[in-house]
$ cat data22.cif   # mmCIF, C-alpha atoms
data_structure
#
loop_
_atom_site.group_PDB
_atom_site.id
_atom_site.type_symbol
_atom_site.label_atom_id
_atom_site.label_comp_id
_atom_site.auth_asym_id
_atom_site.auth_seq_id
_atom_site.Cartn_x
_atom_site.Cartn_y
_atom_site.Cartn_z
ATOM 1 C CA LYS P 1 14.493 -9.107 2.734
ATOM 2 C CA THR P 2 12.821 -6.798 0.267
ATOM 3 C CA PRO P 3 12.108 -3.185 1.297
ATOM 4 C CA GLY P 4 8.574 -4.377 2.081
ATOM 5 C CA GLY P 5 9.897 -6.995 4.499
ATOM 6 C CA ILE P 6 9.449 -10.167 2.428
ATOM 7 C CA GLN P 7 12.300 -12.619 2.908
ATOM 8 C CA VAL P 8 13.737 -13.840 -0.399
ATOM 9 C CA THR P 9 16.672 -15.904 0.902
ATOM 10 C CA ARG P 10 16.274 -19.134 2.849
ATOM 11 C CA ASN P 11 16.193 -19.002 6.643
ATOM 12 C CA PHE P 12 19.683 -19.243 8.092
ATOM 13 C CA PRO P 13 19.999 -21.544 9.802
ATOM 14 C CA PRO P 14 17.123 -23.305 8.004
ATOM 15 C CA ARG P 15 14.270 -24.634 10.116
ATOM 16 C CA LYS P 16 11.635 -27.338 10.110
ATOM 17 C CA PRO P 17 9.113 -27.721 8.632
ATOM 18 C CA ASP P 18 9.481 -24.576 6.505
ATOM 19 C CA ASP P 19 12.732 -25.568 4.812
ATOM 20 C CA LEU P 20 12.371 -29.328 4.459
ATOM 21 C CA ASP P 21 13.191 -30.439 0.913
ATOM 22 C CA PRO P 22 10.577 -32.809 -0.549
ATOM 23 C CA GLY P 23 11.856 -36.353 -0.931
ATOM 24 C CA TYR P 24 15.270 -35.572 0.581
ATOM 25 C CA THR P 25 16.314 -37.896 3.386
ATOM 26 C CA ALA P 26 19.949 -36.940 4.028
ATOM 27 C CA GLU P 27 21.005 -34.035 6.277
ATOM 28 C CA LYS P 28 17.782 -34.459 8.304
ATOM 29 C CA GLY P 29 15.721 -33.554 5.277
ATOM 30 C CA ILE P 30 17.280 -30.169 4.461
ATOM 31 C CA ILE P 31 19.687 -29.797 1.540
ATOM 32 C CA HIS P 32 22.998 -28.215 2.614
ATOM 33 C CA PRO P 33 21.811 -26.466 5.795
ATOM 34 C CA ILE P 34 25.207 -24.941 6.635
ATOM 35 C CA MET P 35 26.860 -24.230 3.269
ATOM 36 C CA HIS P 36 24.095 -22.045 1.801
ATOM 37 C CA PRO P 37 23.773 -18.868 3.907
ATOM 38 C CA GLY P 38 21.722 -16.764 1.452
ATOM 39 C CA ILE P 39 23.797 -14.520 -0.821
ATOM 40 C CA TRP P 40 27.527 -15.174 -0.745
ATOM 41 C CA LEU P 41 30.835 -15.525 -2.594
ATOM 42 C CA GLY P 42 32.243 -19.024 -2.211
ATOM 43 C CA PHE P 43 34.936 -21.159 -3.807
ATOM 44 C CA GLY P 44 35.316 -24.922 -3.736
ATOM 45 C CA ASP P 45 39.030 -24.849 -4.530
ATOM 46 C CA VAL P 46 41.629 -22.133 -3.963
ATOM 47 C CA ASN P 47 45.091 -23.708 -3.851
ATOM 48 C CA GLY P 48 43.420 -26.965 -2.823
ATOM 49 C CA ASN P 49 41.481 -25.348 0.038
ATOM 50 C CA ASP P 50 37.698 -25.714 0.132
ATOM 51 C CA TYR P 51 35.850 -22.620 1.336
ATOM 52 C CA TRP P 52 32.494 -23.672 -0.125
ATOM 53 C CA ARG P 53 32.107 -26.663 2.172
ATOM 54 C CA LEU P 54 33.644 -24.739 5.080
ATOM 55 C CA GLN P 55 36.670 -27.031 5.241
ATOM 56 C CA ALA P 56 38.902 -23.947 5.285
ATOM 57 C CA MET P 57 38.145 -20.600 6.884
ATOM 58 C CA VAL P 58 37.593 -17.114 5.508
ATOM 59 C CA GLU P 59 38.675 -14.765 8.307
ATOM 60 C CA PHE P 60 37.308 -11.235 8.642
ATOM 61 C CA ASP P 61 40.291 -8.868 8.822
ATOM 62 C CA GLY P 62 38.541 -5.548 9.374
ATOM 63 C CA PHE P 63 36.767 -2.767 7.540
ATOM 64 C CA VAL P 64 38.662 -0.931 4.828
ATOM 65 C CA GLU P 65 35.720 1.482 4.828
ATOM 66 C CA PRO P 66 33.127 1.255 7.635
ATOM 67 C CA PRO P 67 29.406 1.063 6.859
ATOM 68 C CA LYS P 68 27.766 4.343 5.947
ATOM 69 C CA GLY P 69 24.681 5.420 4.063
ATOM 70 C CA ASP P 70 21.242 6.984 4.104
ATOM 71 C CA GLN P 71 17.703 6.027 3.070
ATOM 72 C CA HIS P 72 18.705 5.608 -0.582
ATOM 73 C CA THR P 73 22.303 4.380 -0.764
ATOM 74 C CA GLY P 74 24.903 2.763 1.436
ATOM 75 C CA GLY P 75 27.938 0.584 1.505
ATOM 76 C CA PHE P 76 31.075 -0.690 3.164
ATOM 77 C CA VAL P 77 34.369 -2.343 2.248
ATOM 78 C CA VAL P 78 35.832 -5.338 4.085
ATOM 79 C CA ARG P 79 39.113 -7.179 4.020
ATOM 80 C CA ASN P 80 39.038 -10.952 4.492
ATOM 81 C CA LEU P 81 41.776 -13.560 4.512
ATOM 82 C CA LEU P 82 41.328 -16.921 2.830
ATOM 83 C CA LYS P 83 43.238 -19.153 5.231
ATOM 84 C CA SER P 84 44.792 -22.543 4.613
ATOM 85 C CA LYS P 85 42.919 -25.571 5.925
ATOM 86 C CA ASP P 86 45.208 -25.752 8.974
ATOM 87 C CA GLY P 87 44.626 -22.029 9.610
ATOM 88 C CA LYS P 88 48.342 -21.236 9.762
ATOM 89 C CA ARG P 89 48.735 -19.080 6.649
ATOM 90 C CA ALA P 90 46.809 -16.864 4.273
ATOM 91 C CA ILE P 91 46.340 -18.111 0.731
ATOM 92 C CA CYS P 92 45.251 -14.657 -0.410
ATOM 93 C CA SER P 93 43.375 -11.583 0.716
ATOM 94 C CA GLU P 94 39.888 -10.638 -0.404
ATOM 95 C CA ILE P 95 38.851 -6.989 -0.426
ATOM 96 C CA THR P 96 35.150 -6.712 -1.167
ATOM 97 C CA ARG P 97 33.164 -3.556 -1.743
ATOM 98 C CA TYR P 98 29.403 -3.699 -1.124
ATOM 99 C CA ARG P 99 27.205 -0.939 -2.556
ATOM 100 C CA PHE P 100 23.447 -0.794 -1.869
ATOM 101 C CA GLN P 101 20.969 1.343 -3.776
ATOM 102 C CA ARG P 102 17.197 1.748 -3.532
ATOM 103 C CA VAL P 103 15.653 1.356 -6.988
ATOM 104 C CA PRO P 104 12.005 1.249 -8.104
ATOM 105 C CA GLU P 105 12.026 -2.568 -8.141
ATOM 106 C CA GLY P 106 13.603 -3.008 -4.695
ATOM 107 C CA VAL P 107 17.251 -3.016 -3.615
ATOM 108 C CA LEU P 108 20.248 -3.220 -5.932
ATOM 109 C CA LEU P 109 23.473 -4.626 -4.481
ATOM 110 C CA HIS P 110 26.842 -4.461 -6.213
ATOM 111 C CA LEU P 111 29.679 -6.682 -4.968
ATOM 112 C CA ASP P 112 33.188 -6.036 -6.197
ATOM 113 C CA ALA P 113 35.834 -8.462 -4.871
ATOM 114 C CA THR P 114 39.590 -8.377 -5.456
ATOM 115 C CA TYR P 115 41.803 -11.358 -4.604
ATOM 116 C CA GLN P 116 45.551 -10.908 -4.257
ATOM 117 C CA SER P 117 48.674 -12.267 -2.608
ATOM 118 C CA ASP P 118 51.934 -10.361 -2.331
ATOM 119 C CA GLU P 119 53.686 -13.514 -1.131
ATOM 120 C CA HIS P 120 53.077 -16.158 -3.789
ATOM 121 C CA ASP P 121 51.108 -17.246 -6.848
ATOM 122 C CA PHE P 122 47.785 -19.003 -6.177
ATOM 123 C CA TYR P 123 45.009 -20.561 -8.224
ATOM 124 C CA PHE P 124 41.245 -21.001 -8.381
ATOM 125 C CA GLY P 125 40.068 -24.478 -9.310
ATOM 126 C CA ASP P 126 37.239 -25.200 -11.734
ATOM 127 C CA GLN P 127 34.642 -26.692 -9.416
ATOM 128 C CA GLU P 128 30.977 -26.035 -10.084
ATOM 129 C CA GLU P 129 30.655 -24.676 -6.517
ATOM 130 C CA SER P 130 32.482 -21.382 -7.105
ATOM 131 C CA GLY P 131 31.328 -17.822 -7.619
ATOM 132 C CA LEU P 132 28.417 -15.652 -6.529
ATOM 133 C CA ALA P 133 25.695 -17.864 -5.085
ATOM 134 C CA VAL P 134 22.135 -17.405 -3.873
ATOM 135 C CA ARG P 135 19.881 -19.758 -1.926
ATOM 136 C CA VAL P 136 16.308 -18.538 -2.221
ATOM 137 C CA ALA P 137 13.523 -18.703 0.326
ATOM 138 C CA SER P 138 11.863 -22.108 0.349
ATOM 139 C CA ALA P 139 8.608 -20.633 -0.978
ATOM 140 C CA LEU P 140 10.502 -19.527 -4.100
ATOM 141 C CA ARG P 141 12.014 -22.913 -4.952
ATOM 142 C CA VAL P 142 11.029 -24.592 -8.204
ATOM 143 C CA GLN P 143 11.078 -27.934 -6.396
ATOM 144 C CA GLY P 144 8.863 -27.705 -3.334
ATOM 145 C CA GLY P 145 7.867 -24.082 -3.844
ATOM 146 C CA ARG P 146 6.155 -21.819 -6.369
ATOM 147 C CA GLY P 147 9.225 -20.411 -8.061
ATOM 148 C CA THR P 148 10.796 -20.164 -11.500
ATOM 149 C CA ILE P 149 14.369 -19.680 -12.692
ATOM 150 C CA LEU P 150 14.729 -17.660 -15.906
ATOM 151 C CA ASN P 151 17.882 -16.729 -17.849
ATOM 152 C CA ASP P 152 18.607 -14.177 -20.579
ATOM 153 C CA ARG P 153 17.786 -16.667 -23.375
ATOM 154 C CA GLY P 154 14.313 -17.317 -21.989
ATOM 155 C CA GLU P 155 15.215 -20.783 -20.712
ATOM 156 C CA LYS P 156 13.456 -21.851 -17.532
ATOM 157 C CA ASN P 157 14.585 -23.944 -14.581
ATOM 158 C CA ALA P 158 17.639 -26.035 -13.938
ATOM 159 C CA ALA P 159 17.335 -28.733 -16.607
ATOM 160 C CA ALA P 160 17.271 -26.111 -19.366
ATOM 161 C CA MET P 161 20.051 -23.853 -18.134
ATOM 162 C CA TRP P 162 22.517 -25.855 -16.015
ATOM 163 C CA GLY P 163 26.067 -25.542 -17.338
ATOM 164 C CA LYS P 164 25.269 -22.832 -19.874
ATOM 165 C CA ASP P 165 26.786 -19.357 -20.042
ATOM 166 C CA ALA P 166 24.335 -16.649 -19.033
ATOM 167 C CA LYS P 167 24.313 -12.872 -18.850
ATOM 168 C CA TRP P 168 21.780 -13.019 -16.005
ATOM 169 C CA PHE P 169 19.297 -15.183 -14.167
ATOM 170 C CA ASP P 170 16.227 -14.353 -12.116
ATOM 171 C CA TYR P 171 14.891 -16.720 -9.422
ATOM 172 C CA TYR P 172 11.389 -15.480 -8.615
ATOM 173 C CA GLY P 173 7.905 -16.364 -7.436
ATOM 174 C CA GLU P 174 4.888 -15.077 -5.544
ATOM 175 C CA ILE P 175 4.797 -14.547 -1.770
ATOM 176 C CA ASP P 176 1.981 -12.762 0.058
ATOM 177 C CA GLY P 177 0.516 -11.448 -3.187
ATOM 178 C CA ARG P 178 3.811 -9.933 -4.319
ATOM 179 C CA ARG P 179 6.108 -10.937 -7.202
ATOM 180 C CA VAL P 180 9.524 -11.202 -5.517
ATOM 181 C CA GLY P 181 12.908 -12.702 -6.276
ATOM 182 C CA ILE P 182 16.632 -12.357 -6.788
ATOM 183 C CA MET P 183 18.215 -11.435 -10.116
ATOM 184 C CA VAL P 184 21.993 -11.762 -10.595
ATOM 185 C CA VAL P 185 24.223 -10.252 -13.287
ATOM 186 C CA ALA P 186 27.943 -10.928 -13.659
ATOM 187 C CA SER P 187 30.056 -7.990 -14.772
ATOM 188 C CA PRO P 188 31.116 -8.106 -18.433
ATOM 189 C CA ASN P 189 34.543 -7.038 -17.134
ATOM 190 C CA ASN P 190 35.059 -10.302 -15.234
ATOM 191 C CA PRO P 191 37.956 -12.400 -16.563
ATOM 192 C CA ARG P 192 35.603 -14.740 -18.462
ATOM 193 C CA PRO P 193 31.865 -15.229 -19.036
ATOM 194 C CA SER P 194 29.959 -16.966 -16.261
ATOM 195 C CA TRP P 195 27.917 -20.159 -16.453
ATOM 196 C CA LEU P 196 25.125 -21.261 -14.135
ATOM 197 C CA HIS P 197 25.243 -24.085 -11.627
ATOM 198 C CA ALA P 198 21.474 -24.066 -11.152
ATOM 199 C CA ARG P 199 19.322 -26.322 -8.986
ATOM 200 C CA ASP P 200 15.542 -26.410 -8.717
ATOM 201 C CA TYR P 201 15.812 -26.902 -4.945
ATOM 202 C CA GLY P 202 16.745 -23.236 -4.583
ATOM 203 C CA VAL P 203 20.404 -22.534 -5.318
ATOM 204 C CA VAL P 204 22.086 -20.905 -8.325
ATOM 205 C CA VAL P 205 25.821 -20.197 -8.601
ATOM 206 C CA THR P 206 27.088 -17.721 -11.205
ATOM 207 C CA ASN P 207 30.436 -19.353 -11.902
ATOM 208 C CA PRO P 208 33.292 -17.390 -13.550
ATOM 209 C CA PHE P 209 35.622 -20.382 -14.003
ATOM 210 C CA PRO P 210 35.755 -23.121 -16.678
ATOM 211 C CA LYS P 211 33.197 -25.907 -16.424
ATOM 212 C CA GLN P 212 34.637 -29.342 -15.713
ATOM 213 C CA PRO P 213 33.988 -31.993 -18.396
ATOM 214 C CA LYS P 214 33.216 -34.427 -15.580
ATOM 215 C CA GLU P 215 32.701 -33.501 -11.939
ATOM 216 C CA ARG P 216 35.628 -34.138 -9.598
ATOM 217 C CA ARG P 217 37.325 -32.295 -6.728
ATOM 218 C CA GLU P 218 40.733 -32.177 -8.409
ATOM 219 C CA PRO P 219 40.762 -29.385 -11.031
ATOM 220 C CA TYR P 220 41.112 -29.988 -14.731
ATOM 221 C CA VAL P 221 41.898 -26.290 -15.267
ATOM 222 C CA LYS P 222 43.563 -23.951 -12.762
ATOM 223 C CA THR P 223 43.072 -20.197 -13.065
ATOM 224 C CA TRP P 224 46.409 -18.844 -11.816
ATOM 225 C CA VAL P 225 46.852 -15.447 -10.159
ATOM 226 C CA LYS P 226 50.430 -14.191 -10.142
ATOM 227 C CA ARG P 227 52.064 -12.805 -7.009
ATOM 228 C CA GLY P 228 51.195 -9.142 -6.544
ATOM 229 C CA GLN P 229 48.549 -9.171 -9.302
ATOM 230 C CA PRO P 230 44.844 -8.566 -8.509
ATOM 231 C CA PHE P 231 42.062 -10.912 -9.622
ATOM 232 C CA ARG P 232 38.745 -9.088 -9.684
ATOM 233 C CA LEU P 233 35.163 -10.360 -9.747
ATOM 234 C CA SER P 234 32.084 -8.110 -9.811
ATOM 235 C CA TYR P 235 28.399 -8.938 -9.587
ATOM 236 C CA ALA P 236 25.089 -7.107 -9.296
ATOM 237 C CA VAL P 237 22.187 -8.551 -7.300
ATOM 238 C CA LEU P 238 18.660 -7.156 -7.544
ATOM 239 C CA ILE P 239 16.330 -8.049 -4.662
ATOM 240 C CA HIS P 240 13.006 -7.211 -6.271
ATOM 241 C CA ASP P 241 9.473 -6.798 -4.965
ATOM 242 C CA LEU P 242 6.575 -5.813 -7.233
ATOM 243 C CA PRO P 243 2.790 -6.343 -7.352
ATOM 244 C CA ALA P 244 1.852 -9.846 -8.498
ATOM 245 C CA ASP P 245 0.340 -8.517 -11.727
ATOM 246 C CA GLN P 246 3.437 -6.434 -12.542
ATOM 247 C CA PRO P 247 6.277 -8.762 -13.637
ATOM 248 C CA LEU P 248 9.846 -7.546 -13.419
ATOM 249 C CA ASP P 249 11.172 -6.139 -16.688
ATOM 250 C CA GLN P 250 14.406 -8.147 -16.629
ATOM 251 C CA LYS P 251 15.800 -6.487 -19.760
ATOM 252 C CA GLN P 252 15.422 -3.026 -18.247
ATOM 253 C CA ALA P 253 16.823 -4.234 -14.925
ATOM 254 C CA TYR P 254 19.795 -5.823 -16.693
ATOM 255 C CA GLU P 255 20.634 -2.553 -18.453
ATOM 256 C CA ARG P 256 20.540 -0.646 -15.163
ATOM 257 C CA MET P 257 22.768 -3.226 -13.510
ATOM 258 C CA ILE P 258 25.271 -3.084 -16.377
ATOM 259 C CA ASP P 259 25.349 0.717 -16.052
ATOM 260 C CA GLY P 260 26.131 0.229 -12.373
ATOM 261 C CA PHE P 261 29.301 -1.689 -13.227
ATOM 262 C CA ALA P 262 30.503 1.223 -15.325
ATOM 263 C CA ALA P 263 29.819 3.605 -12.447
ATOM 264 C CA GLY P 264 31.757 1.342 -10.106
ATOM 265 C CA GLU P 265 34.812 1.545 -12.349
ATOM 266 C CA ASP P 266 35.021 5.260 -11.553
ATOM 267 C CA ARG P 267 35.446 4.777 -7.795
#

$ encode --input "data22.cif" --output "structure tokens"
Amino acid sequence: KTPGGIQVTRNFPPRKPDDLDPGYTAEKGIIHPIMHPGIWLGFGDVNGNDYWRLQAMVEFDGFVEPPKGDQHTGGFVVRNLLKSKDGKRAICSEITRYRFQRVPEGVLLHLDATYQSDEHDFYFGDQEESGLAVRVASALRVQGGRGTILNDRGEKNAAAMWGKDAKWFDYYGEIDGRRVGIMVVASPNNPRPSWLHARDYGVVVTNPFPKQPKERREPYVKTWVKRGQPFRLSYAVLIHDLPADQPLDQKQAYERMIDGFAAGEDR
């Protein structure tokens, strides 16, 4: 939710009739009710294990730093284990740092995740369902709502931007007389530029892995991580809330979010 209490991610679990997807008849009329929790890091293929579709488990393994904060800033650090499909072994660990900051536009969240195994090499596949994902509130959807997706080149909505590299995207619309939405920036320090797996029904994935020439579960390209070596991904997420007649200045917001990555490097 925004600081003013407006919900910008979809209900989880989604509910009827609020979250019914127009014209969709599978899954009881709601697109991916379980796999899209709101704002999350997910991967369709890590060593052949599918965490996006919940076919393998990510297990919480404790706080590295417990939650702390005040009215303006906060954060915590967690350690998770990406387990094999049978649950018997860890493919790698994930240590993720979450930093929250009140800004004039709303709330700025930085996520910094490091993946590592001291036991063996592992790989990330190149599925489109991998990276930092958001599922917006149903009122903000392009399809079935009053929303718009915009990227840094000025392209709008999924048909114009799907599969293209992007410095940022903003999924926004009007709710209760307020201009609200979610803007996502991938760190320029990530291993490669990100592209957008964008859908008008409310989901956008900022994907840091190569795009497949033709969709399939088996990877064309594997991004290998050597034993003992860290693989780091960082993102900034702006949950914004402004008067309806005061559009977000995405360029200014982008610059602030980029500055935040530099500050995070000093931790």

$ atom_distance --input "data22.cif" --atom1 "atom CA of P:Leu238" --atom2 "atom CA of P:Ile182"
5.6 Å

$ residues_around --input "data22.cif" --residues "stretch 45-53 of chain P" --least-positions-apart "2" --cutoff "10 Å" --atoms "only C-alpha atoms" --output "ChimeraX atom specification"
/P:32,34-36,40-43,55-58,82-86,91-92,121-131,217-219,222-224

$ residues_around --input "data22.cif" --residues "P:Arg256" --least-positions-apart "5" --cutoff "10 Å" --atoms "all atoms listed in the file" --output "PyMOL selection string"
chain P and resi 103+108+236+250-251+261

$ write_last_selection --input "data22.cif" --atoms "C-alpha atoms" --output "compact mmCIF listing (two decimals), keeping the file's coordinate frame"
# COMPACT_ATOMS: atom_id res chain seq x y z
CA VAL P 103 15.65 1.36 -6.99
CA LEU P 108 20.25 -3.22 -5.93
CA ALA P 236 25.09 -7.11 -9.30
CA GLN P 250 14.41 -8.15 -16.63
CA LYS P 251 15.80 -6.49 -19.76
CA PHE P 261 29.30 -1.69 -13.23

$ axis_aligned_box --input "data22.cif" --around "stretch 129-139 of chain P" --padding-each-side "4 Å" --output "AutoDock Vina command-line options"
--center_x 20.5 --center_y -20.2 --center_z -3.6 --size_x 31.9 --size_y 17.0 --size_z 16.0

$ resolve_selection --input "data22.cif" --expression "the PyMOL selection byres ((chain P and resi 152-167) around 12)" --output "PyMOL selection string"
chain P and resi 127-129+141-143+146-151+168-172+183-190+192-215+235-236+249-255+257-258

$ closest_atom_pairs --input "data22.cif" --of "stretch 107-177 of chain P" --to "stretch 17-23 of chain P" --cutoff "9 Å" --atoms "all atoms listed in the file" --output "Markdown table"
| residue | atom | partner | partner_atom | distance |
| --- | --- | --- | --- | --- |
| P:Ala137 | CA | P:Asp19 | CA | 8.2 |
| P:Ser138 | CA | P:Asp19 | CA | 5.7 |
| P:Ala139 | CA | P:Asp18 | CA | 8.5 |
| P:Gln143 | CA | P:Pro22 | CA | 7.6 |
| P:Gly144 | CA | P:Pro22 | CA | 6.1 |

$ closest_residue --input "data22.cif" --among "P:Val8, P:Tyr115, P:Tyr24, P:Val107" --to "P:Arg178" --atoms "only C-alpha atoms"
P:Val8

$ atom_distance --input "data22.cif" --atom1 "atom CA of P:Glu105" --atom2 "atom CA of P:Asp259"
15.8 Å

$ closest_residue --input "data22.cif" --among "P:Gly62, P:Gly181, P:Gly145, P:Pro67" --to "P:Thr9" --atoms "only C-alpha atoms"
P:Gly181

$ atom_distance --input "data22.cif" --atom1 "atom CA of P:Lys88" --atom2 "atom CA of P:Gln116"
17.6 Å

$ closest_residue --input "data22.cif" --among "P:Lys68, P:Lys16, P:Lys226, P:Arg97" --to "P:Asn80" --atoms "only C-alpha atoms"
P:Arg97

$ build_atoms --input "data22.cif" --residues "stretch 52-71 of chain P" --atoms "N, CA, C and O atoms" --output "CSV table (one decimal), in the frame of the given file"
chain,number,residue,atom,x,y,z
P,52,TRP,N,33.9,-23.4,0.1
P,52,TRP,CA,32.5,-23.7,-0.1
P,52,TRP,C,31.9,-24.6,0.9
P,52,TRP,O,30.9,-24.3,1.5
P,53,ARG,N,32.6,-25.7,1.2
P,53,ARG,CA,32.1,-26.7,2.2
P,53,ARG,C,32.6,-26.4,3.6
P,53,ARG,O,32.5,-27.2,4.5
P,54,LEU,N,33.2,-25.2,3.8
P,54,LEU,CA,33.6,-24.7,5.1
P,54,LEU,C,34.8,-25.6,5.7
P,54,LEU,O,34.9,-25.7,6.9
P,55,GLN,N,35.5,-26.2,4.8
P,55,GLN,CA,36.7,-27.0,5.2
P,55,GLN,C,37.9,-26.2,5.5
P,55,GLN,O,38.9,-26.6,6.1
P,56,ALA,N,37.9,-25.0,5.0
P,56,ALA,CA,38.9,-23.9,5.3
P,56,ALA,C,38.2,-22.7,5.6
P,56,ALA,O,37.0,-22.5,5.2
P,57,MET,N,38.8,-21.8,6.3
P,57,MET,CA,38.1,-20.6,6.9
P,57,MET,C,38.4,-19.3,6.1
P,57,MET,O,39.6,-19.1,5.7
P,58,VAL,N,37.4,-18.5,6.0
P,58,VAL,CA,37.6,-17.1,5.5
P,58,VAL,C,37.5,-16.2,6.8
P,58,VAL,O,36.5,-16.2,7.4
P,59,GLU,N,38.6,-15.5,7.1
P,59,GLU,CA,38.7,-14.8,8.3
P,59,GLU,C,38.5,-13.3,8.0
P,59,GLU,O,39.2,-12.7,7.2
P,60,PHE,N,37.5,-12.7,8.7
P,60,PHE,CA,37.3,-11.2,8.6
P,60,PHE,C,38.5,-10.5,9.2
P,60,PHE,O,39.0,-10.8,10.3
P,61,ASP,N,39.1,-9.6,8.4
P,61,ASP,CA,40.3,-8.9,8.8
P,61,ASP,C,40.1,-7.4,8.9
P,61,ASP,O,41.0,-6.6,8.9
P,62,GLY,N,38.8,-7.0,9.1
P,62,GLY,CA,38.5,-5.5,9.4
P,62,GLY,C,37.9,-4.8,8.2
P,62,GLY,O,37.8,-5.3,7.1
P,63,PHE,N,37.4,-3.6,8.5
P,63,PHE,CA,36.8,-2.8,7.5
P,63,PHE,C,37.8,-1.9,6.9
P,63,PHE,O,38.6,-1.2,7.6
P,64,VAL,N,37.9,-1.9,5.6
P,64,VAL,CA,38.7,-0.9,4.8
P,64,VAL,C,37.9,0.4,4.8
P,64,VAL,O,38.5,1.5,5.0
P,65,GLU,N,36.6,0.3,4.7
P,65,GLU,CA,35.7,1.5,4.8
P,65,GLU,C,34.5,1.0,5.7
P,65,GLU,O,33.9,0.1,5.3
P,66,PRO,N,34.2,1.7,6.8
P,66,PRO,CA,33.1,1.3,7.6
P,66,PRO,C,31.8,1.5,7.0
P,66,PRO,O,31.7,2.3,6.0
P,67,PRO,N,30.7,0.9,7.4
P,67,PRO,CA,29.4,1.1,6.9
P,67,PRO,C,29.0,2.5,7.0
P,67,PRO,O,29.1,3.1,8.1
P,68,LYS,N,28.4,3.0,5.9
P,68,LYS,CA,27.8,4.3,5.9
P,68,LYS,C,26.7,4.4,4.9
P,68,LYS,O,26.7,3.6,3.9
P,69,GLY,N,25.7,5.3,5.0
P,69,GLY,CA,24.7,5.4,4.1
P,69,GLY,C,23.5,6.2,4.6
P,69,GLY,O,23.6,6.8,5.6
P,70,ASP,N,22.5,6.3,3.8
P,70,ASP,CA,21.2,7.0,4.1
P,70,ASP,C,20.1,6.1,3.6
P,70,ASP,O,20.2,4.9,3.4
P,71,GLN,N,18.9,6.8,3.4
P,71,GLN,CA,17.7,6.0,3.1
P,71,GLN,C,17.8,5.5,1.7
P,71,GLN,O,17.0,4.6,1.3
